[in-house]
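J.: Here you go, one structure.
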Amino acid sequence: MRRKAVWSMGAGAFLLAALATVPSAQQPSGTLKPEGVPFNFNDMDMQVAPPAGVAVRAGRMFDAKAGTMLTNQVILIKDGKIADVGPNVQIPAGAKVIDLSAATVMPGLIDRHVHCFGGQDNQSRTTLDGLSNCMRDLQGGFTTIQDMGAVDYSSVEVRDAINKGWVMGPRMQVAGPQVNPRAANYYASPSEYKPFGTNDIWQLQAGINGPWEARRVVREHAHYGADWIKIYLTEDYEGSGYKGAFRPDGTMINVPSLSLEEVQAIVDEAHKHGLKTITHAYGGEGLRIALQAGVDIPMHAAVGVTGAEGLDEETIRLFKVPLANGTQRPIIQTLWDLIGGMEVGDLRDSGSRTTRFKLTEASFKRLVASGIVEVFGSGVYGLAHGTQTMQFPIYTKWGMTPAQAIQLATYHAATTLNYDLPKYVGLIEKGRYGDLIGVSGDPLADITEMMRVKFVMKGGTVFRDELTKGAPPAGKLMSEGPSGFAQRPR
């Protein structure tokens, strides 16, 4: 059974080799950064599984837990979940068969740090714009995403609408609004009182001053349906003296934005409500506070708690201190958002000495060598949703095997999601959701195959299929508009 979807997207938006990229002058790292194109409503051919289910014949199938490639597997999906998988699975009568015997099938990808819901003129536009960004991610192969901070609770509404079947989209966990402002520079004082950091955000930017206020904000997020509590723990400026993450001598600015007592209150209150905590922290005292307070997942960690490039022993020691539940916290180090315009600004501010991308390479290698689990997160925003698979070749360039790189966005990305979702995504095994992607070649032999996703299935429903049907027409590419790369980093 097939039906033409109401919501749709041109496949041309995800043929990365054909996409425009930021000019090379804006990419000192030399890494390509696709800009993406606006959502297209004409080309997505949605294929719903019949009552008997759907069987996918996989010539190669990636075992994301073992990090190995199996051959000649059959994946049987019924009622949205994998009913059986193996080389000798019997296909029931009436089941739809999808022949990917010449392709590689993998679990649906997971991006643990996206920003779908930017500030629009009102909540309706924010919601609809965010939904279109979520659909770009789904069509790019990300069947599960974590929205890491919005201007309001639109992300909650879109998540719920997808879960109810009102609209199509990826599986989502969301943080709702960030609980404190992102301060990359000082702000102009408004003529009438507004909470700090809200001049360019139309509503719902919380302020925190003191542990009791921190608990109130967490409770509000729990009442309004957030899954995660997102905080910012480092600011990129020092008064009116220096701003932009670096001083002229190349040392990094990491002013802590919350106190240890405030973050401890946030973590404690969040856990009481069944929520998890996650924080932006480039390094320095803010990173130390995150680790000491028991934040579930720190992000970025470009430098150590002492500001050391390549981290330091104290940072590694703190990372290895178990969380309250006895588990070891992972790390999310975004790469997409560090490339392009941010590199240009970092080189300007540091006197051409360094960038956050360069520092992250050194810290990434140190963390991996120390046994800290890396989890895929991109920081993607704007029109580029769905193109963040460009991070996979960077991982292998930095020393990972292709299998390890793919595990970041599958098995490892699933493990620390909230509630019981880790039981249902990230692997291809019986009882998990029927979330699959496919590529033509073997990504263990050529990791750039991950940038050419041609098949996407979520819950047994096909959303994209260029492997059995051929590439659909790309559709008319509308004006791209501003790329957004000059926006302040998230």
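Following the order of the structure tokens, chains are lettered A, B, ..., residues in each are numbered from 1, and ligands are numbered from 1.
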Can you tell me which residues surround region 401-403 of chain A at a distance of at most 6 Å, considering only C-alpha atoms, apart from same-chain residues fewer than 4 positions away, and format the answer as a PDB file with N, CA and C atoms, in the first residue's frame?

T.:
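Written out: part28.pdb:
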```
ATOM      1  N   GLY A  67      29.379  -3.987  16.318  1.00  0.00           N
ATOM      2  CA  GLY A  67      30.206  -3.219  15.391  1.00  0.00           C
ATOM      3  C   GLY A  67      30.665  -4.033  14.202  1.00  0.00           C
ATOM      4  N   THR A 396      36.311   9.324  11.604  1.00  0.00           N
ATOM      5  CA  THR A 396      37.348   8.394  11.148  1.00  0.00           C
ATOM      6  C   THR A 396      38.676   9.113  10.918  1.00  0.00           C
ATOM      7  N   LEU A 444      31.534   0.480   6.022  1.00  0.00           N
ATOM      8  CA  LEU A 444      32.738   0.045   6.730  1.00  0.00           C
ATOM      9  C   LEU A 444      33.957   0.094   5.822  1.00  0.00           C
ATOM     10  N   ILE A 447      33.391   5.269   4.569  1.00  0.00           N
ATOM     11  CA  ILE A 447      32.521   5.933   5.536  1.00  0.00           C
ATOM     12  C   ILE A 447      31.701   7.047   4.896  1.00  0.00           C
TER      13      ILE A 447
END
```

J.: Set the distance at 8 Å and use only C-alpha atoms: which residues neighbour Gly307 (chain A) once local chain neighbours fewer than 6 positions away are removed? I'd like the list as an mmCIF file with N, CA and C atoms, in the first residue's frame.

T.:
```cif
data_model
loop_
_atom_site.group_PDB
_atom_site.id
_atom_site.type_symbol
_atom_site.label_atom_id
_atom_site.label_comp_id
_atom_site.auth_asym_id
_atom_site.auth_seq_id
_atom_site.Cartn_x
_atom_site.Cartn_y
_atom_site.Cartn_z
ATOM 1 N N THR A 251 43.815 32.080 24.472
ATOM 2 C CA THR A 251 43.217 31.318 25.568
ATOM 3 C C THR A 251 41.701 31.459 25.508
ATOM 4 N N MET A 252 41.009 30.427 25.962
ATOM 5 C CA MET A 252 39.563 30.372 25.813
ATOM 6 C C MET A 252 38.864 31.061 26.979
ATOM 7 N N GLY A 283 34.320 24.343 28.745
ATOM 8 C CA GLY A 283 35.467 24.006 29.576
ATOM 9 C C GLY A 283 35.539 24.889 30.801
ATOM 10 N N GLY A 284 36.704 24.870 31.474
ATOM 11 C CA GLY A 284 36.917 25.718 32.626
ATOM 12 C C GLY A 284 36.035 25.368 33.798
#
```

J.: Would you pick out the contacts of Tyr224 (chain A) at 9 Å or less, using only C-alpha atoms, so that residues sharing its chain but fewer than 2 positions from it are not included, and give the list as a PyMOL selection string?

T.: chain A and resi 153+156+176+219-222+226

J.: Please produce an output containing N, CA and C atoms for each residue in the selection, written as a PDB file, in the first residue's frame.

T.:
```pdb
ATOM      1  N   TYR A 153       7.685  26.033  24.183  1.00  0.00           N
ATOM      2  CA  TYR A 153       7.369  24.609  24.292  1.00  0.00           C
ATOM      3  C   TYR A 153       6.800  24.034  22.992  1.00  0.00           C
ATOM      4  N   VAL A 156       7.599  20.392  22.458  1.00  0.00           N
ATOM      5  CA  VAL A 156       6.739  19.437  23.166  1.00  0.00           C
ATOM      6  C   VAL A 156       5.500  19.124  22.329  1.00  0.00           C
ATOM      7  N   GLY A 176      12.448  21.486  25.686  1.00  0.00           N
ATOM      8  CA  GLY A 176      11.685  22.712  25.821  1.00  0.00           C
ATOM      9  C   GLY A 176      12.628  23.903  25.808  1.00  0.00           C
ATOM     10  N   ARG A 219      10.668  22.544  37.778  1.00  0.00           N
ATOM     11  CA  ARG A 219       9.281  22.096  37.965  1.00  0.00           C
ATOM     12  C   ARG A 219       8.391  22.574  36.832  1.00  0.00           C
ATOM     13  N   GLU A 220       8.595  23.823  36.402  1.00  0.00           N
ATOM     14  CA  GLU A 220       7.817  24.344  35.280  1.00  0.00           C
ATOM     15  C   GLU A 220       8.024  23.481  34.039  1.00  0.00           C
ATOM     16  N   HIS A 221       9.277  23.136  33.753  1.00  0.00           N
ATOM     17  CA  HIS A 221       9.570  22.309  32.583  1.00  0.00           C
ATOM     18  C   HIS A 221       8.914  20.940  32.701  1.00  0.00           C
ATOM     19  N   ALA A 222       8.938  20.366  33.904  1.00  0.00           N
ATOM     20  CA  ALA A 222       8.298  19.064  34.102  1.00  0.00           C
ATOM     21  C   ALA A 222       6.791  19.171  33.882  1.00  0.00           C
ATOM     22  N   ALA A 226       8.589  18.686  29.277  1.00  0.00           N
ATOM     23  CA  ALA A 226       9.958  18.474  28.803  1.00  0.00           C
ATOM     24  C   ALA A 226      10.466  17.097  29.235  1.00  0.00           C
TER      25      ALA A 226
END
```

J.: Can you list, as a PyMOL selection string, every protein, DNA or RNA residue that comes within 9 Å of Thr389 (chain A) when you count only C-alpha atoms, leaving out same-chain residues fewer than 2 positions away?

T.: chain A and resi 140-141+378+386-387+391-393+448+450-453

J.: Next, write the just-selected residues to a file, as a short mmCIF file (atom, residue, chain, number, x, y, z; two decimals), in the first residue's frame, keeping C-alpha atoms as the atom set.

T.:
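The result, written out as result_12.cif:
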```
data_model
loop_
_atom_site.label_atom_id
_atom_site.label_comp_id
_atom_site.auth_asym_id
_atom_site.auth_seq_id
_atom_site.Cartn_x
_atom_site.Cartn_y
_atom_site.Cartn_z
CA GLY A 140 18.30 12.52 6.20
CA GLY A 141 18.22 9.21 8.10
CA SER A 378 25.60 17.85 15.71
CA GLY A 386 19.36 16.26 7.63
CA THR A 387 22.88 16.97 6.36
CA GLN A 391 30.36 14.28 10.80
CA PHE A 392 31.05 10.58 10.14
CA PRO A 393 34.18 11.12 7.99
CA THR A 448 31.34 8.62 3.11
CA MET A 450 26.90 7.62 5.46
CA MET A 451 26.52 10.94 3.65
CA ARG A 452 24.41 9.28 0.96
CA VAL A 453 21.44 7.82 2.81
#
```

J.: Give me the residues near Arg348 (chain A) as a ChimeraX atom specification, where near means some atom within 10 Å (using only C-alpha atoms) and where sequence neighbours in that chain fewer than 3 positions away do not count.

T.: /A:244,246-248,250,342-345,351-355

J.: Select from region 382-421 of chain A every residue with an atom at most 8 Å from any atom of region 367-377 of chain A, then for each give the shortest pair of atoms and their distance in Å to one decimal, using only C-alpha atoms, rows by chain and rising number, as JSON lines.

T.:
```
{"residue": "A:Leu408", "atom": "CA", "partner": "A:Val375", "partner_atom": "CA", "distance": 4.8}
{"residue": "A:Ala409", "atom": "CA", "partner": "A:Phe376", "partner_atom": "CA", "distance": 4.9}
{"residue": "A:His412", "atom": "CA", "partner": "A:Val375", "partner_atom": "CA", "distance": 5.9}
{"residue": "A:Ala413", "atom": "CA", "partner": "A:Val375", "partner_atom": "CA", "distance": 5.1}
```

J.: Residues as selected, N, CA and C atoms, written as a CSV table (one decimal), in the first residue's frame, can you do that?

T.:
```csv
chain,number,residue,atom,x,y,z
A,408,LEU,N,28.4,5.6,17.2
A,408,LEU,CA,28.1,6.8,18.0
A,408,LEU,C,26.7,7.3,17.7
A,409,ALA,N,26.1,7.0,16.5
A,409,ALA,CA,24.8,7.5,16.2
A,409,ALA,C,23.8,6.4,16.2
A,412,HIS,N,25.4,3.7,20.8
A,412,HIS,CA,25.8,4.5,21.9
A,412,HIS,C,24.8,5.7,22.1
A,413,ALA,N,24.3,6.2,21.0
A,413,ALA,CA,23.3,7.3,21.1
A,413,ALA,C,22.0,6.9,21.8
```

J.: When you count only C-alpha atoms, which of these residues is closest to Glu35 (chain A): A:Val380, A:Ala281, A:Ala93, A:Val263?

T.: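 Looking only at the distances to Glu35 (chain A), the closest residue turns out to be A:Val380.
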
J.: From the options A:Met299, A:Val425, A:Gly434, A:Glu466, which residue's atoms come nearest to Val54 (chain A), counting only C-alpha atoms?

T.: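 Of A:Met299, A:Val425, A:Gly434, A:Glu466, the one nearest Val54 (chain A), counting only C-alpha atoms, is A:Gly434.
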
J.: Quick one: pick out all strand (DSSP E or B) residues within region 109-270 of chain A from a backbone DSSP run and write them as a VMD selection string.

T.: chain A and resid 109 to 114 142 to 147 150 171 to 174 177 228 to 232 234 to 235 237 to 238 242 to 243 246 252 255 to 256

J.: Export C-alpha atoms of the chosen residues as a tab-separated table (two decimals), in the first residue's frame?

T.:
```
chain	number	residue	atom	x	y	z
A	109	LEU	CA	20.37	7.19	13.10
A	110	ILE	CA	20.06	9.24	16.30
A	111	ASP	CA	21.19	12.86	16.68
A	112	ARG	CA	21.29	13.84	20.34
A	113	HIS	CA	21.77	17.59	19.78
A	114	VAL	CA	19.59	19.41	17.25
A	142	PHE	CA	17.76	10.46	11.67
A	143	THR	CA	14.73	8.54	12.87
A	144	THR	CA	15.29	9.74	16.45
A	145	ILE	CA	16.37	13.24	17.49
A	146	GLN	CA	16.82	15.16	20.71
A	147	ASP	CA	15.92	18.84	20.52
A	150	ALA	CA	13.89	26.03	21.93
A	171	ARG	CA	10.93	10.08	17.34
A	172	MET	CA	11.74	12.97	19.65
A	173	GLN	CA	12.88	13.77	23.13
A	174	VAL	CA	12.92	17.47	23.93
A	177	PRO	CA	13.17	26.16	26.48
A	228	TRP	CA	15.38	16.91	29.52
A	229	ILE	CA	16.64	19.99	31.33
A	230	LYS	CA	19.12	21.95	29.19
A	231	ILE	CA	21.41	24.47	30.84
A	232	TYR	CA	24.31	26.62	29.70
A	234	THR	CA	29.86	28.70	30.13
A	235	GLU	CA	29.64	32.20	28.70
A	237	TYR	CA	32.63	36.94	27.07
A	238	GLU	CA	34.17	38.92	29.93
A	242	TYR	CA	36.62	40.43	25.50
A	243	LYS	CA	33.86	38.54	23.73
A	246	PHE	CA	38.79	33.68	22.89
A	252	MET	CA	39.56	30.37	25.81
A	255	VAL	CA	32.95	32.25	32.42
A	256	PRO	CA	30.73	29.98	34.56
```

J.: Where does DSSP see helix (DSSP H, G or I) in region 80-275 of chain A, if you list the residues as a ChimeraX atom specification?

T.: /A:123-139,154-164,211-223,260-272

J.: Could you turn the residues from that selection into a file that holds N, CA and C atoms, as a compact mmCIF listing (two decimals), in the first residue's frame?

T.:
```txt
# COMPACT_ATOMS: atom_id res chain seq x y z
N GLN A 123 4.16 31.70 18.08
CA GLN A 123 4.30 30.29 18.40
C GLN A 123 3.84 29.39 17.25
N SER A 124 2.84 29.81 16.49
CA SER A 124 2.38 28.98 15.37
C SER A 124 3.47 28.81 14.33
N ARG A 125 4.13 29.91 13.97
CA ARG A 125 5.20 29.81 12.99
C ARG A 125 6.38 29.03 13.53
N THR A 126 6.68 29.22 14.82
CA THR A 126 7.77 28.46 15.43
C THR A 126 7.49 26.96 15.36
N THR A 127 6.25 26.58 15.63
CA THR A 127 5.86 25.17 15.61
C THR A 127 5.98 24.58 14.21
N LEU A 128 5.44 25.27 13.23
CA LEU A 128 5.45 24.76 11.86
C LEU A 128 6.85 24.74 11.28
N ASP A 129 7.62 25.79 11.54
CA ASP A 129 9.01 25.81 11.08
C ASP A 129 9.79 24.67 11.73
N GLY A 130 9.56 24.44 13.01
CA GLY A 130 10.25 23.35 13.70
C GLY A 130 9.88 21.99 13.15
N LEU A 131 8.59 21.79 12.84
CA LEU A 131 8.17 20.52 12.26
C LEU A 131 8.87 20.26 10.93
N SER A 132 9.01 21.28 10.10
CA SER A 132 9.68 21.09 8.82
C SER A 132 11.15 20.71 9.03
N ASN A 133 11.79 21.29 10.05
CA ASN A 133 13.18 20.92 10.35
C ASN A 133 13.26 19.47 10.82
N CYS A 134 12.30 19.07 11.63
CA CYS A 134 12.27 17.68 12.10
C CYS A 134 12.13 16.71 10.92
N MET A 135 11.30 17.07 9.93
CA MET A 135 11.13 16.23 8.76
C MET A 135 12.40 16.15 7.93
N ARG A 136 13.16 17.24 7.87
CA ARG A 136 14.46 17.18 7.17
C ARG A 136 15.36 16.15 7.84
N ASP A 137 15.37 16.16 9.17
CA ASP A 137 16.21 15.19 9.89
C ASP A 137 15.77 13.76 9.59
N LEU A 138 14.45 13.52 9.60
CA LEU A 138 13.95 12.17 9.29
C LEU A 138 14.37 11.75 7.90
N GLN A 139 14.20 12.61 6.91
CA GLN A 139 14.56 12.26 5.55
C GLN A 139 16.07 12.09 5.38
N SER A 154 7.09 24.67 21.86
CA SER A 154 6.64 24.13 20.58
C SER A 154 7.19 22.73 20.34
N SER A 155 8.40 22.47 20.81
CA SER A 155 8.99 21.14 20.61
C SER A 155 8.18 20.07 21.31
N VAL A 156 7.60 20.39 22.46
CA VAL A 156 6.74 19.44 23.17
C VAL A 156 5.50 19.12 22.33
N GLU A 157 4.90 20.16 21.75
CA GLU A 157 3.69 19.96 20.97
C GLU A 157 3.94 19.14 19.71
N VAL A 158 5.06 19.40 19.04
CA VAL A 158 5.39 18.63 17.83
C VAL A 158 5.70 17.18 18.19
N ARG A 159 6.47 16.98 19.27
CA ARG A 159 6.74 15.60 19.72
C ARG A 159 5.45 14.85 19.97
N ASP A 160 4.51 15.49 20.68
CA ASP A 160 3.25 14.82 21.01
C ASP A 160 2.40 14.57 19.76
N ALA A 161 2.40 15.54 18.83
CA ALA A 161 1.63 15.36 17.60
C ALA A 161 2.17 14.19 16.78
N ILE A 162 3.48 14.03 16.74
CA ILE A 162 4.08 12.89 16.03
C ILE A 162 3.69 11.59 16.72
N ASN A 163 3.78 11.56 18.05
CA ASN A 163 3.46 10.33 18.80
C ASN A 163 1.99 9.94 18.64
N LYS A 164 1.11 10.94 18.48
CA LYS A 164 -0.32 10.66 18.31
C LYS A 164 -0.68 10.31 16.87
N PRO A 211 19.40 28.57 44.11
CA PRO A 211 18.92 27.18 44.02
C PRO A 211 17.40 27.05 44.04
N TRP A 212 16.70 27.89 44.82
CA TRP A 212 15.24 27.76 44.86
C TRP A 212 14.62 28.16 43.54
N GLU A 213 15.15 29.20 42.93
CA GLU A 213 14.66 29.60 41.62
C GLU A 213 14.95 28.51 40.60
N ALA A 214 16.10 27.87 40.72
CA ALA A 214 16.46 26.77 39.81
C ALA A 214 15.44 25.64 39.91
N ARG A 215 15.04 25.31 41.12
CA ARG A 215 14.06 24.24 41.29
C ARG A 215 12.71 24.63 40.69
N ARG A 216 12.31 25.90 40.85
CA ARG A 216 11.04 26.34 40.28
C ARG A 216 11.02 26.17 38.77
N VAL A 217 12.14 26.53 38.11
CA VAL A 217 12.21 26.44 36.66
C VAL A 217 12.15 24.99 36.21
N VAL A 218 12.82 24.10 36.92
CA VAL A 218 12.77 22.67 36.57
C VAL A 218 11.34 22.14 36.71
N ARG A 219 10.67 22.54 37.78
CA ARG A 219 9.28 22.10 37.97
C ARG A 219 8.39 22.57 36.83
N GLU A 220 8.59 23.82 36.40
CA GLU A 220 7.82 24.34 35.28
C GLU A 220 8.02 23.48 34.04
N HIS A 221 9.28 23.14 33.75
CA HIS A 221 9.57 22.31 32.58
C HIS A 221 8.91 20.94 32.70
N ALA A 222 8.94 20.37 33.90
CA ALA A 222 8.30 19.06 34.10
C ALA A 222 6.79 19.17 33.88
N HIS A 223 6.17 20.24 34.40
CA HIS A 223 4.73 20.42 34.26
C HIS A 223 4.33 20.61 32.80
N LEU A 260 27.69 26.11 41.53
CA LEU A 260 27.59 24.68 41.83
C LEU A 260 26.28 24.38 42.55
N GLU A 261 25.90 25.24 43.50
CA GLU A 261 24.68 25.01 44.27
C GLU A 261 23.45 25.07 43.37
N GLU A 262 23.44 25.97 42.41
CA GLU A 262 22.31 26.07 41.49
C GLU A 262 22.20 24.82 40.61
N VAL A 263 23.34 24.35 40.12
CA VAL A 263 23.31 23.17 39.24
C VAL A 263 22.97 21.92 40.03
N GLN A 264 23.46 21.82 41.25
CA GLN A 264 23.09 20.67 42.09
C GLN A 264 21.57 20.65 42.32
N ALA A 265 20.98 21.82 42.52
CA ALA A 265 19.53 21.89 42.70
C ALA A 265 18.80 21.48 41.44
N ILE A 266 19.31 21.90 40.29
CA ILE A 266 18.70 21.53 39.00
C ILE A 266 18.73 20.03 38.80
N VAL A 267 19.89 19.43 39.03
CA VAL A 267 20.05 17.99 38.84
C VAL A 267 19.13 17.22 39.79
N ASP A 268 19.13 17.62 41.05
CA ASP A 268 18.31 16.92 42.05
C ASP A 268 16.83 17.02 41.72
N GLU A 269 16.36 18.23 41.39
CA GLU A 269 14.94 18.42 41.09
C GLU A 269 14.54 17.70 39.80
N ALA A 270 15.41 17.75 38.81
CA ALA A 270 15.12 17.07 37.55
C ALA A 270 14.96 15.57 37.77
N HIS A 271 15.86 14.97 38.50
CA HIS A 271 15.80 13.53 38.73
C HIS A 271 14.55 13.15 39.53
N LYS A 272 14.13 14.01 40.44
CA LYS A 272 12.91 13.72 41.19
C LYS A 272 11.69 13.66 40.27
```
